[in-house]
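For reference, input.cif is printed below; it contains mmCIF, C-alpha atoms.
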data_start
#
loop_
_atom_site.label_atom_id
_atom_site.label_comp_id
_atom_site.auth_asym_id
_atom_site.auth_seq_id
_atom_site.Cartn_x
_atom_site.Cartn_y
_atom_site.Cartn_z
CA MET V 15 137.14 188.14 111.97
CA ASP V 16 135.26 188.67 115.24
CA ILE V 17 138.28 190.12 116.99
CA ASN V 18 139.05 192.36 114.05
CA LYS V 19 135.46 193.54 114.10
CA LYS V 20 135.71 194.40 117.79
CA PHE V 21 138.88 196.38 117.19
CA GLY V 22 137.21 198.10 114.26
CA ASP V 23 134.18 199.08 116.37
CA VAL V 24 136.38 200.58 119.07
CA ILE V 25 138.35 202.60 116.54
CA TYR V 26 135.14 203.73 114.86
CA ASN V 27 133.74 205.05 118.13
CA ILE V 28 136.74 207.22 119.01
CA MET V 29 137.57 208.34 115.52
CA GLN V 30 137.01 211.84 114.13
CA GLU V 31 136.86 213.33 110.62
CA ASN V 32 140.06 213.13 108.55
CA ASP V 33 141.95 211.04 111.07
CA LEU V 34 145.04 209.10 110.06
CA ILE V 35 144.98 205.49 111.22
CA MET V 36 147.94 203.12 111.16
CA ILE V 37 147.44 199.38 111.50
CA HIS V 38 150.29 197.09 112.46
CA ASP V 39 150.92 193.63 111.14
CA VAL V 40 149.08 190.60 109.86
CA HIS V 41 146.80 189.90 112.80
CA LEU V 42 144.73 193.00 112.09
CA MET V 43 144.53 192.65 108.31
CA LEU V 44 140.72 192.65 108.30
CA ILE V 45 140.22 195.93 110.15
CA PRO V 46 140.06 198.08 106.99
CA SER V 47 137.09 196.11 105.67
CA THR V 48 135.18 196.42 108.95
CA LEU V 49 136.10 200.09 109.36
CA LEU V 50 135.65 201.49 105.88
CA THR V 51 132.30 199.89 105.16
CA LYS V 52 130.89 202.42 107.64
CA ASN V 53 131.37 205.39 105.32
CA THR V 54 134.18 207.28 106.99
CA ASN V 55 136.60 209.90 105.78
CA ALA V 56 139.59 208.49 107.60
CA ARG V 57 142.73 207.41 105.81
CA VAL V 58 144.03 204.05 106.80
CA GLY V 59 147.52 202.68 106.39
CA ILE V 60 148.78 199.20 107.14
CA TYR V 61 152.34 198.15 107.84
CA PHE V 62 153.64 194.56 107.65
CA HIS V 63 156.38 193.67 110.08
CA MET V 64 156.47 190.09 108.86
CA ALA V 65 157.42 188.43 105.64
CA PHE V 66 154.68 188.54 103.01
CA PRO V 67 154.36 185.18 101.23
CA SER V 68 154.41 184.69 97.48
CA SER V 69 151.18 184.49 95.52
CA ASP V 70 151.14 180.67 95.38
CA VAL V 71 151.18 180.45 99.15
CA ILE V 72 148.43 183.04 99.41
CA LYS V 73 146.27 181.13 96.92
CA SER V 74 146.34 178.04 99.10
CA PHE V 75 144.76 179.98 101.95
CA PRO V 76 140.95 179.58 102.00
CA TYR V 77 139.99 183.21 102.67
CA HIS V 78 142.63 184.92 100.56
CA GLN V 79 140.14 186.98 98.54
CA GLU V 80 138.60 188.63 101.60
CA ILE V 81 141.96 189.35 103.14
CA LEU V 82 143.53 190.82 100.01
CA LYS V 83 140.46 192.96 99.33
CA SER V 84 140.58 194.22 102.89
CA ILE V 85 144.26 195.16 102.51
CA LEU V 86 143.46 196.93 99.25
CA LEU V 87 141.02 199.22 101.07
CA CYS V 88 143.98 200.91 102.77
CA ASP V 89 145.57 204.04 101.35
CA VAL V 90 149.16 203.21 102.17
CA ILE V 91 150.64 199.73 102.42
CA GLY V 92 154.07 199.52 103.99
CA PHE V 93 156.68 196.77 103.80
CA HIS V 94 160.16 196.30 105.13
CA ILE V 95 161.90 195.34 101.92
CA PHE V 96 161.07 195.26 98.24
CA GLN V 97 160.88 191.47 98.07
CA PHE V 98 157.73 191.38 100.25
CA ALA V 99 156.17 194.27 98.37
CA ARG V 100 156.77 192.45 95.09
CA ASN V 101 155.11 189.33 96.48
CA PHE V 102 152.08 191.43 97.33
CA LEU V 103 152.01 193.13 93.93
CA THR V 104 152.26 189.79 92.14
CA ALA V 105 149.40 188.43 94.23
CA CYS V 106 147.25 191.44 93.25
CA LYS V 107 148.13 190.97 89.60
CA ARG V 108 147.38 187.26 89.51
CA LEU V 109 144.25 187.20 91.65
CA PHE V 110 142.55 190.49 90.73
CA GLY V 111 144.32 191.60 87.56
CA ILE V 112 145.48 194.88 89.09
CA PHE V 113 148.74 196.10 87.60
CA TYR V 114 151.00 198.45 89.47
CA GLU V 115 152.34 201.69 88.04
CA ILE V 116 155.42 203.68 88.92
CA LYS V 117 154.55 207.35 89.27
CA PHE V 118 156.38 210.64 89.49
CA ARG V 119 158.96 210.69 92.32
CA GLY V 120 159.15 206.91 92.38
CA PHE V 121 155.86 206.05 94.02
CA ILE V 122 154.59 202.56 93.37
CA THR V 123 150.83 202.79 93.08
CA LEU V 124 147.93 200.45 92.52
CA ASN V 125 144.70 201.64 91.00
CA TYR V 126 141.89 199.79 92.74
CA LEU V 127 138.28 200.90 92.23
CA GLY V 128 139.44 204.31 91.06
CA ARG V 129 141.58 205.01 94.12
CA TYR V 130 145.33 205.20 94.14
CA ILE V 131 147.06 203.10 96.77
CA ILE V 132 150.68 203.83 97.62
CA ILE V 133 153.02 200.92 98.25
CA ARG V 134 155.78 202.12 100.51
CA ILE V 135 159.00 200.33 101.38
CA ILE V 136 160.44 201.72 104.59
CA HIS V 137 162.73 199.96 106.95
CA ALA V 138 162.01 200.63 110.61
CA GLY V 139 165.16 201.52 112.43
CA ILE V 140 166.02 201.80 116.09
CA ASP V 141 166.68 204.85 118.24
CA VAL V 142 169.98 205.16 120.02
CA GLU V 143 168.24 207.12 122.76
CA PHE V 144 166.02 204.13 123.47
CA VAL V 145 169.05 201.84 123.68
CA LYS V 146 170.69 204.23 126.14
CA SER V 147 167.61 204.29 128.33
CA VAL V 148 167.61 200.47 128.48
CA ILE V 149 171.29 200.33 129.40
CA ALA V 150 170.69 202.61 132.35
CA LYS V 151 168.29 200.07 133.92
CA LYS V 152 169.27 197.81 136.82
CA GLU V 153 168.23 194.58 135.09
CA PHE V 154 170.76 195.22 132.38
CA ALA V 155 173.77 195.29 134.72
CA LYS V 156 172.44 192.27 136.58
CA SER V 157 172.06 190.09 133.50
CA VAL V 158 175.42 191.21 132.09
CA ASP V 159 177.05 189.57 135.11
CA THR V 160 175.18 186.29 134.64
CA TYR V 161 176.21 186.07 130.99
CA LYS V 162 179.81 186.91 131.82
CA ASN V 163 179.84 183.79 134.01
CA PHE V 164 178.83 181.65 131.04
CA ILE V 165 181.29 183.18 128.64
CA LYS V 166 184.50 183.48 130.68
CA ASN V 167 186.40 185.62 128.14
CA LYS V 168 185.86 183.21 125.29
CA PHE V 169 184.82 184.13 121.77
CA CYS V 170 181.06 184.15 122.04
CA LEU V 171 178.50 183.38 119.33
CA VAL V 172 174.96 184.32 120.28
CA SER V 173 171.60 183.33 118.91
CA ILE V 174 168.02 183.74 120.11
CA ASP V 175 165.44 181.47 118.52
CA GLN V 176 161.87 180.37 118.88
CA SER V 177 161.41 176.73 119.76
CA GLN V 178 160.29 175.65 116.30
CA VAL V 179 161.59 173.64 113.39
CA THR V 180 162.16 176.59 111.07
CA SER V 181 164.81 177.96 113.40
CA GLU V 182 167.11 175.37 111.76
CA LEU V 183 168.90 174.49 114.97
CA TYR V 184 169.93 171.02 113.69
CA PHE V 185 171.82 172.58 110.81
CA LYS V 186 173.31 175.23 112.98
CA PHE V 187 174.75 172.74 115.44
CA GLU V 188 175.96 170.42 112.67
CA ALA V 189 177.75 173.32 110.96
CA PHE V 190 179.24 174.38 114.26
CA ARG V 191 180.49 170.83 114.89
CA ARG V 192 182.15 170.65 111.48
CA PHE V 193 183.71 174.05 112.03
CA LEU V 194 185.27 172.83 115.26
CA GLU V 195 186.52 169.66 113.56
CA LYS V 196 188.14 171.70 110.81
CA PHE V 197 189.81 174.21 113.15
CA PRO V 198 191.04 172.39 116.26
CA GLU V 199 192.79 175.47 117.63
CA VAL V 200 189.53 177.32 118.33
CA ARG V 201 187.94 174.54 120.43
CA ASN V 202 189.06 175.81 123.81
CA ASN V 203 188.30 179.38 122.97
CA ILE V 204 184.75 179.52 121.66
CA VAL V 205 181.25 179.18 123.05
CA LEU V 206 177.84 179.20 121.35
CA LEU V 207 175.14 180.64 123.59
CA GLN V 208 171.79 179.45 122.28
CA ILE V 209 168.67 180.96 123.82
CA ILE V 210 165.49 179.01 123.09
CA LYS V 211 162.21 180.80 123.62
CA THR V 212 159.32 178.47 124.33
CA ASP V 213 155.98 179.26 122.82
CA GLU V 214 152.72 178.36 124.55
CA CYS V 215 150.86 177.88 121.28
CA GLN V 216 152.97 174.94 120.18
CA ASN V 217 152.44 171.44 121.51
CA ASN V 218 155.66 169.73 120.49
CA ASN V 219 157.89 172.05 122.51
CA GLU V 220 159.21 169.36 124.81
CA ASP V 221 160.06 166.90 122.04
CA PHE V 222 161.90 169.53 120.09
CA TYR V 223 163.83 170.75 123.07
CA SER V 224 164.90 167.27 124.16
CA LYS V 225 166.16 166.49 120.64
CA ILE V 226 168.13 169.72 120.55
CA GLN V 227 169.52 168.98 123.99
CA GLU V 228 170.71 165.55 122.82
CA ILE V 229 172.58 167.02 119.86
CA ALA V 230 174.16 169.70 122.04
CA HIS V 231 175.19 167.04 124.56
CA ASP V 232 176.79 164.93 121.80
CA ILE V 233 178.84 167.86 120.60
CA THR V 234 180.02 168.84 124.06
CA THR V 235 181.11 165.27 124.82
CA GLN V 236 182.85 164.97 121.45
CA PHE V 237 185.11 167.94 122.17
CA SER V 238 185.16 167.41 125.94
CA ASN V 239 184.56 171.09 126.44
CA GLU V 240 181.45 173.16 126.98
CA VAL V 241 181.19 174.66 123.50
CA ILE V 242 177.40 174.90 123.37
CA LYS V 243 175.35 176.38 126.15
CA LEU V 244 171.59 175.99 125.87
CA ILE V 245 169.35 178.32 127.84
CA LYS V 246 165.61 177.77 127.83
CA VAL V 247 163.44 180.74 128.74
CA ASP V 248 159.76 181.59 128.77
CA LYS V 249 160.16 185.32 128.45
CA PHE V 250 163.15 187.20 127.23
CA THR V 251 162.94 190.87 128.13
CA VAL V 252 164.60 193.75 126.32
CA PRO V 253 167.28 194.50 128.98
CA GLU V 254 168.21 190.81 129.04
CA ARG V 255 168.59 190.70 125.30
CA PHE V 256 170.70 193.84 125.26
CA ALA V 257 172.90 192.42 128.00
CA LEU V 258 173.42 189.30 125.92
CA PHE V 259 174.22 191.31 122.79
CA SER V 260 176.65 193.52 124.65
CA GLU V 261 178.70 190.45 125.58
CA ALA V 262 178.48 188.83 122.14
CA ASN V 263 181.40 188.73 119.74
CA ALA V 264 179.15 187.63 116.92
CA LEU V 265 175.52 186.92 116.14
CA PHE V 266 174.65 183.65 114.44
CA TYR V 267 171.12 183.49 112.99
CA LEU V 268 169.97 180.84 110.57
CA GLN V 269 166.19 181.02 110.50
CA LEU V 270 164.41 179.79 107.40
CA ARG V 271 161.81 182.52 107.34
CA GLU V 272 161.67 185.57 109.50
CA GLY V 273 160.67 189.19 109.15
CA ASN V 274 161.97 191.80 111.49
CA CYS V 275 160.85 191.13 115.02
CA MET V 276 161.04 194.54 116.57
CA VAL V 277 157.36 195.36 116.84
CA ILE V 278 157.21 195.36 120.61
CA ASN V 279 160.25 197.58 120.99
CA LEU V 280 158.91 200.02 118.49
CA LEU V 281 155.53 200.40 120.10
CA LYS V 282 157.04 200.88 123.55
CA ASN V 283 159.28 203.46 122.02
CA ILE V 284 156.58 205.64 120.50
CA MET W 22 171.00 193.20 114.25
CA ASN W 23 170.33 196.92 114.29
CA GLU W 24 170.18 196.71 118.05
CA TYR W 25 173.55 195.00 118.18
CA ILE W 26 175.26 197.85 116.38
CA ALA W 27 173.33 200.62 118.13
CA LEU W 28 174.18 199.02 121.46
CA GLN W 29 177.90 199.13 120.78
CA HIS W 30 177.56 202.77 119.86
CA ALA W 31 175.72 203.47 123.12
CA LEU W 32 178.09 201.47 125.33
CA LYS W 33 181.22 203.15 123.88
CA LYS W 34 183.42 200.09 124.36
CA PRO W 35 187.09 200.41 123.38
CA LYS W 36 187.01 197.16 121.38
CA ILE W 37 184.41 196.84 118.67
CA ASN W 38 182.78 193.51 117.94
CA PHE W 39 181.26 193.19 114.54
CA GLY W 40 180.37 189.70 113.50
CA VAL W 41 176.93 188.97 112.18
CA ILE W 42 176.06 185.79 110.33
CA ILE W 43 172.48 185.82 109.13
CA SER W 44 170.32 183.69 106.88
CA GLU W 45 169.56 185.33 103.55
CA ASN W 46 165.89 184.42 103.94
CA VAL W 47 165.49 186.72 106.91
CA GLY W 48 163.89 190.06 106.09
CA VAL W 49 166.37 192.24 107.93
CA SER W 50 169.38 190.74 106.18
CA THR W 51 169.16 193.19 103.28
CA ALA W 52 168.77 196.25 105.46
CA LEU W 53 172.48 196.64 106.24
CA LYS W 54 175.64 195.90 104.30
CA GLY W 55 177.92 194.57 107.02
CA PRO W 56 176.44 191.14 107.85
CA ILE W 57 177.57 187.95 106.18
CA ARG W 58 174.54 186.49 104.38
CA ILE W 59 174.38 182.75 103.96
CA ASN W 60 171.94 180.07 102.94
CA PRO W 61 171.00 178.03 106.03
CA TYR W 62 171.31 174.72 104.15
CA ASN W 63 174.72 175.40 102.64
CA MET W 64 177.04 173.83 105.19
CA ASN W 65 180.31 174.93 103.59
CA SER W 66 179.31 178.56 103.41
CA ILE W 67 178.34 178.52 107.10
CA ILE W 68 181.74 177.09 108.03
CA ASN W 69 183.49 179.71 105.89
CA ALA W 70 181.41 182.46 107.49
CA LEU W 71 182.27 181.23 110.99
CA GLU W 72 185.96 181.19 110.05
CA LYS W 73 185.73 184.68 108.61
CA VAL W 74 184.03 186.04 111.72
CA TYR W 75 186.48 184.36 114.08
CA TYR W 76 189.60 185.62 112.29
CA MET W 77 188.30 189.03 111.24
CA LYS W 78 190.81 191.88 111.55
CA GLU W 79 190.16 194.99 113.61
CA ASP W 80 190.35 197.40 110.65
CA GLU W 81 187.73 195.48 108.73
CA LYS W 82 185.43 195.37 111.76
CA ILE W 83 185.71 199.10 112.33
CA SER W 84 185.14 200.06 108.69
CA LYS W 85 182.06 197.83 108.42
CA TYR W 86 180.74 199.01 111.76
CA GLU W 87 181.06 202.69 110.89
CA LYS W 88 179.27 202.29 107.57
CA ASP W 89 176.31 200.55 109.18
CA LEU W 90 176.21 202.86 112.17
CA ALA W 91 175.82 205.88 109.91
CA ARG W 92 172.80 204.24 108.34
CA ILE W 93 171.25 203.34 111.69
CA LEU W 94 171.63 206.85 113.04
CA GLN W 95 169.94 208.19 109.93
CA HIS W 96 166.97 205.82 109.85
CA THR W 97 165.35 206.05 113.26
CA THR W 98 161.96 204.94 114.43
CA TYR W 99 160.77 208.51 114.33
CA SER W 100 161.71 209.02 110.70
CA TRP W 101 160.01 205.73 109.81
CA ILE W 102 156.70 206.77 111.38
CA LYS W 103 156.98 210.29 109.99
CA ASN W 104 157.47 209.10 106.42
CA PHE W 105 154.58 206.69 106.72
CA PHE W 106 152.18 209.38 107.92
CA ILE W 107 153.37 211.87 105.32
CA ASP W 108 152.44 209.33 102.68
CA LEU W 109 149.12 208.68 104.35
CA LYS W 110 148.32 212.40 104.31
CA ARG W 111 149.10 212.95 100.68
CA THR W 112 147.24 209.99 99.24
CA SER W 113 144.44 210.85 96.89
CA THR W 114 145.97 214.25 96.32
CA VAL W 115 146.22 215.56 92.80
CA TYR W 116 149.82 214.99 91.89
CA LEU W 117 149.66 211.23 92.17
CA ILE W 118 147.68 211.18 88.96
CA PHE W 119 150.54 212.61 86.90
#
Would you write the structure of this file as structure tokens?
Amino acid sequence: MDINKKFGDVIYNIMQENDLIMIHDVHLMLIPSTLLTKNTNARVGIYFHMAFPSSDVIKSFPYHQEILKSILLCDVIGFHIFQFARNFLTACKRLFGIFYEIKFRGFITLNYLGRYIIIRIIHAGIDVEFVKSVIAKKEFAKSVDTYKNFIKNKFCLVSIDQSQVTSELYFKFEAFRRFLEKFPEVRNNIVLLQIIKTDECQNNNEDFYSKIQEIAHDITTQFSNEVIKLIKVDKFTVPERFALFSEANALFYLQLREGNCMVINLLKNI
Amino acid sequence: MNEYIALQHALKKPKINFGVIISENVGVSTALKGPIRINPYNMNSIINALEKVYYMKEDEKISKYEKDLARILQHTTYSWIKNFFIDLKRTSTVYLIF
């Protein structure tokens, strides 16, 4: 709340009449309430890059009323896909009794305190120009070479995950092991490159990583071949990721819950 | 996932790779048609998906890739921001009431 208030004060100081303000993601959900209590003309929109939980999950959160009311002060609320928007609409219906209407030209609107709020479902894409600019960098060529050393012309599955339980790495490795047992001919010709990003906020990083390492070690000894390659990194930059993707034959993602993690790219891009 | 396809377009490689296995709980999974969507706890479906990706034919890869590429080229970051701000501008205008 304090941080949101600070952000809100800064925006309020530089803002002019009839400005359009766009807020990104869940961390800044309370800005509208700090901003719009100051009697301004500005129009505020918020966009969620993450998954929006269902109404039961929201109810279990202690300050859900304040947060939802703050979101409802916006004029436009954007989501990636309809599933998240529906979760939000259901939460509004069950907690505040606000029903949504579908208007002319397919707008989904909510009527809250006499104002119409537009719910917008837009998927943020990626620019090819941006990708080209990254490829031209030196780091890209450098990291392509390092990954080529790992792969050695094998069929390469690639995955980048946070070091957390919901990445479902146990299941991924178990499924991969069974796949190799079922198809013995692919054993010498496949490699799973697993990047694990460590997060400073989490305490059980080391335990998790050592468990994962054990499982990976078991599988590699079982097939007497380096089928799984674990790489632990603190930071994974955009050129590095693109280098990895450029060498990948397939992506292999099994997260339990995830939105669309492209926020940082997007903001650099604009 | 979008990056993966856009990257191949930018690199202009002679051989196209198009294998994406993604959990159906992930938000991006519904954005494109090409990826194979699976439940992360369904072991058999993961094994089938891995098999399908490993033995996928070139024609299938190219047809899937071209369909998704067309969509990516159409929906850029710029168009996303533009649409959002257009909506923001026309809120509380008259024709929403109809």
Contacts from chain W to chain V, 6 Å maximum, only C-alpha atoms: show me the residue list as a ChimeraX atom specification.
/W:25,27,31,38,40-44,46-49,61,64,68,96-98,101,109
Can those selected residues be exported to a file as a tab-separated table (two decimals), in the frame of the given file so that it contains C-alpha atoms?
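Listed below is the output, result.tsv:
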chain	number	residue	atom	x	y	z
W	25	TYR	CA	173.55	195.00	118.18
W	27	ALA	CA	173.33	200.62	118.13
W	31	ALA	CA	175.72	203.47	123.12
W	38	ASN	CA	182.78	193.51	117.94
W	40	GLY	CA	180.37	189.70	113.50
W	41	VAL	CA	176.93	188.97	112.18
W	42	ILE	CA	176.06	185.79	110.33
W	43	ILE	CA	172.48	185.82	109.13
W	44	SER	CA	170.32	183.69	106.88
W	46	ASN	CA	165.89	184.42	103.94
W	47	VAL	CA	165.49	186.72	106.91
W	48	GLY	CA	163.89	190.06	106.09
W	49	VAL	CA	166.37	192.24	107.93
W	61	PRO	CA	171.00	178.03	106.03
W	64	MET	CA	177.04	173.83	105.19
W	68	ILE	CA	181.74	177.09	108.03
W	96	HIS	CA	166.97	205.82	109.85
W	97	THR	CA	165.35	206.05	113.26
W	98	THR	CA	161.96	204.94	114.43
W	101	TRP	CA	160.01	205.73	109.81
W	109	LEU	CA	149.12	208.68	104.35
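The space separating CA of His78 (chain V) from CA of Pro46 (chain V) comes to 14.9 Å.
The space separating CA of Thr160 (chain V) from CA of Glu240 (chain V) comes to 16.4 Å.
The nearest approach to Arg92 (chain W) among the residues W:Ala52, W:Leu71, W:Gln29, W:Asn63, with only C-alpha atoms taken into account, belongs to W:Ala52.
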Contacts of Ser84 (chain V) within 7 Å, only C-alpha atoms, excl. fewer than 6 positions in-chain, as a PyMOL selection string
chain V and resi 43-44+46-47
Compare V:Phe237, V:Lys73, V:Ala105, V:Lys243 by their minimum atom-to-atom distance to Asn163 (chain V), counting all atoms listed in the file, and give me the closest one.
V:Lys243
Near Lys246 (chain V), within 9 Å and counting only C-alpha atoms, which residues show up once chain neighbours fewer than 4 positions away are dropped, as a count of residues only?
6
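Take CA of Tyr126 (chain V) and CA of Lys52 (chain V): the distance between them is 18.7 Å.
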Skip Glu153 (chain V) itself and residues of its chain fewer than 6 positions away, then list as a list of chain:residue names all residues within 10 Å of it, counting all atoms listed in the file.
V:Thr251, V:Val252, V:Pro253, V:Glu254, V:Ala257
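Take the candidates W:Ile57, W:Leu90, W:Ile83, W:Met77 and check each one against Ile37 (chain W) using only C-alpha atoms; the shortest distance goes to W:Ile83.
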Incomplete region 82-111 of chain V filled out to N, CA and C atoms as a PDB file, keeping the file's coordinate frame:
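Okay, selection11.pdb is ready:
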ATOM      1  N   LEU V  82     142.860 189.914 100.944  1.00  0.00           N
ATOM      2  CA  LEU V  82     143.530 190.820 100.010  1.00  0.00           C
ATOM      3  C   LEU V  82     142.661 192.041  99.709  1.00  0.00           C
ATOM      4  N   LYS V  83     141.350 191.826  99.596  1.00  0.00           N
ATOM      5  CA  LYS V  83     140.460 192.960  99.330  1.00  0.00           C
ATOM      6  C   LYS V  83     140.464 193.931 100.502  1.00  0.00           C
ATOM      7  N   SER V  84     140.534 193.367 101.705  1.00  0.00           N
ATOM      8  CA  SER V  84     140.580 194.220 102.890  1.00  0.00           C
ATOM      9  C   SER V  84     141.864 195.049 102.903  1.00  0.00           C
ATOM     10  N   ILE V  85     142.992 194.410 102.539  1.00  0.00           N
ATOM     11  CA  ILE V  85     144.260 195.160 102.510  1.00  0.00           C
ATOM     12  C   ILE V  85     144.179 196.264 101.462  1.00  0.00           C
ATOM     13  N   LEU V  86     143.524 195.950 100.337  1.00  0.00           N
ATOM     14  CA  LEU V  86     143.460 196.930  99.250  1.00  0.00           C
ATOM     15  C   LEU V  86     142.571 198.126  99.579  1.00  0.00           C
ATOM     16  N   LEU V  87     141.811 198.058 100.662  1.00  0.00           N
ATOM     17  CA  LEU V  87     141.020 199.220 101.070  1.00  0.00           C
ATOM     18  C   LEU V  87     141.877 200.281 101.758  1.00  0.00           C
ATOM     19  N   CYS V  88     143.089 199.929 102.137  1.00  0.00           N
ATOM     20  CA  CYS V  88     143.980 200.910 102.770  1.00  0.00           C
ATOM     21  C   CYS V  88     144.465 201.916 101.740  1.00  0.00           C
ATOM     22  N   ASP V  89     145.010 203.031 102.247  1.00  0.00           N
ATOM     23  CA  ASP V  89     145.570 204.040 101.350  1.00  0.00           C
ATOM     24  C   ASP V  89     147.064 203.875 101.184  1.00  0.00           C
ATOM     25  N   VAL V  90     147.721 203.440 102.251  1.00  0.00           N
ATOM     26  CA  VAL V  90     149.160 203.210 102.170  1.00  0.00           C
ATOM     27  C   VAL V  90     149.426 201.801 102.695  1.00  0.00           C
ATOM     28  N   ILE V  91     150.252 201.066 101.963  1.00  0.00           N
ATOM     29  CA  ILE V  91     150.640 199.730 102.420  1.00  0.00           C
ATOM     30  C   ILE V  91     152.157 199.716 102.550  1.00  0.00           C
ATOM     31  N   GLY V  92     152.634 199.446 103.754  1.00  0.00           N
ATOM     32  CA  GLY V  92     154.070 199.520 103.990  1.00  0.00           C
ATOM     33  C   GLY V  92     154.700 198.156 104.163  1.00  0.00           C
ATOM     34  N   PHE V  93     155.924 198.014 103.635  1.00  0.00           N
ATOM     35  CA  PHE V  93     156.680 196.770 103.800  1.00  0.00           C
ATOM     36  C   PHE V  93     158.097 197.104 104.216  1.00  0.00           C
ATOM     37  N   HIS V  94     158.768 196.083 104.747  1.00  0.00           N
ATOM     38  CA  HIS V  94     160.160 196.300 105.130  1.00  0.00           C
ATOM     39  C   HIS V  94     161.077 196.372 103.915  1.00  0.00           C
ATOM     40  N   ILE V  95     160.995 195.367 103.061  1.00  0.00           N
ATOM     41  CA  ILE V  95     161.900 195.340 101.920  1.00  0.00           C
ATOM     42  C   ILE V  95     161.121 195.077 100.641  1.00  0.00           C
ATOM     43  N   PHE V  96     161.775 195.305  99.511  1.00  0.00           N
ATOM     44  CA  PHE V  96     161.070 195.260  98.240  1.00  0.00           C
ATOM     45  C   PHE V  96     160.571 193.868  97.894  1.00  0.00           C
ATOM     46  N   GLN V  97     161.280 192.841  98.382  1.00  0.00           N
ATOM     47  CA  GLN V  97     160.880 191.470  98.070  1.00  0.00           C
ATOM     48  C   GLN V  97     159.452 191.176  98.520  1.00  0.00           C
ATOM     49  N   PHE V  98     159.078 191.640  99.732  1.00  0.00           N
ATOM     50  CA  PHE V  98     157.730 191.380 100.250  1.00  0.00           C
ATOM     51  C   PHE V  98     156.708 192.191  99.479  1.00  0.00           C
ATOM     52  N   ALA V  99     157.083 193.430  99.136  1.00  0.00           N
ATOM     53  CA  ALA V  99     156.170 194.270  98.370  1.00  0.00           C
ATOM     54  C   ALA V  99     155.900 193.640  97.013  1.00  0.00           C
ATOM     55  N   ARG V 100     156.953 193.068  96.398  1.00  0.00           N
ATOM     56  CA  ARG V 100     156.770 192.450  95.090  1.00  0.00           C
ATOM     57  C   ARG V 100     155.865 191.221  95.187  1.00  0.00           C
ATOM     58  N   ASN V 101     156.004 190.472  96.270  1.00  0.00           N
ATOM     59  CA  ASN V 101     155.110 189.330  96.480  1.00  0.00           C
ATOM     60  C   ASN V 101     153.665 189.791  96.523  1.00  0.00           C
ATOM     61  N   PHE V 102     153.435 190.892  97.219  1.00  0.00           N
ATOM     62  CA  PHE V 102     152.080 191.430  97.330  1.00  0.00           C
ATOM     63  C   PHE V 102     151.567 191.898  95.967  1.00  0.00           C
ATOM     64  N   LEU V 103     152.428 192.614  95.227  1.00  0.00           N
ATOM     65  CA  LEU V 103     152.010 193.130  93.930  1.00  0.00           C
ATOM     66  C   LEU V 103     151.701 191.997  92.955  1.00  0.00           C
ATOM     67  N   THR V 104     152.511 190.945  93.008  1.00  0.00           N
ATOM     68  CA  THR V 104     152.260 189.790  92.140  1.00  0.00           C
ATOM     69  C   THR V 104     150.949 189.124  92.498  1.00  0.00           C
ATOM     70  N   ALA V 105     150.663 189.034  93.799  1.00  0.00           N
ATOM     71  CA  ALA V 105     149.400 188.430  94.230  1.00  0.00           C
ATOM     72  C   ALA V 105     148.227 189.246  93.703  1.00  0.00           C
ATOM     73  N   CYS V 106     148.328 190.583  93.763  1.00  0.00           N
ATOM     74  CA  CYS V 106     147.250 191.440  93.250  1.00  0.00           C
ATOM     75  C   CYS V 106     147.070 191.234  91.755  1.00  0.00           C
ATOM     76  N   LYS V 107     148.197 191.107  91.048  1.00  0.00           N
ATOM     77  CA  LYS V 107     148.130 190.970  89.600  1.00  0.00           C
ATOM     78  C   LYS V 107     147.477 189.650  89.217  1.00  0.00           C
ATOM     79  N   ARG V 108     147.846 188.585  89.915  1.00  0.00           N
ATOM     80  CA  ARG V 108     147.380 187.260  89.510  1.00  0.00           C
ATOM     81  C   ARG V 108     145.961 186.958  89.995  1.00  0.00           C
ATOM     82  N   LEU V 109     145.576 187.537  91.118  1.00  0.00           N
ATOM     83  CA  LEU V 109     144.250 187.200  91.650  1.00  0.00           C
ATOM     84  C   LEU V 109     143.181 188.203  91.210  1.00  0.00           C
ATOM     85  N   PHE V 110     143.559 189.475  91.077  1.00  0.00           N
ATOM     86  CA  PHE V 110     142.550 190.490  90.730  1.00  0.00           C
ATOM     87  C   PHE V 110     142.831 191.178  89.393  1.00  0.00           C
ATOM     88  N   GLY V 111     143.990 190.930  88.823  1.00  0.00           N
ATOM     89  CA  GLY V 111     144.320 191.600  87.560  1.00  0.00           C
ATOM     90  C   GLY V 111     144.613 193.074  87.714  1.00  0.00           C
TER      91      GLY V 111
END
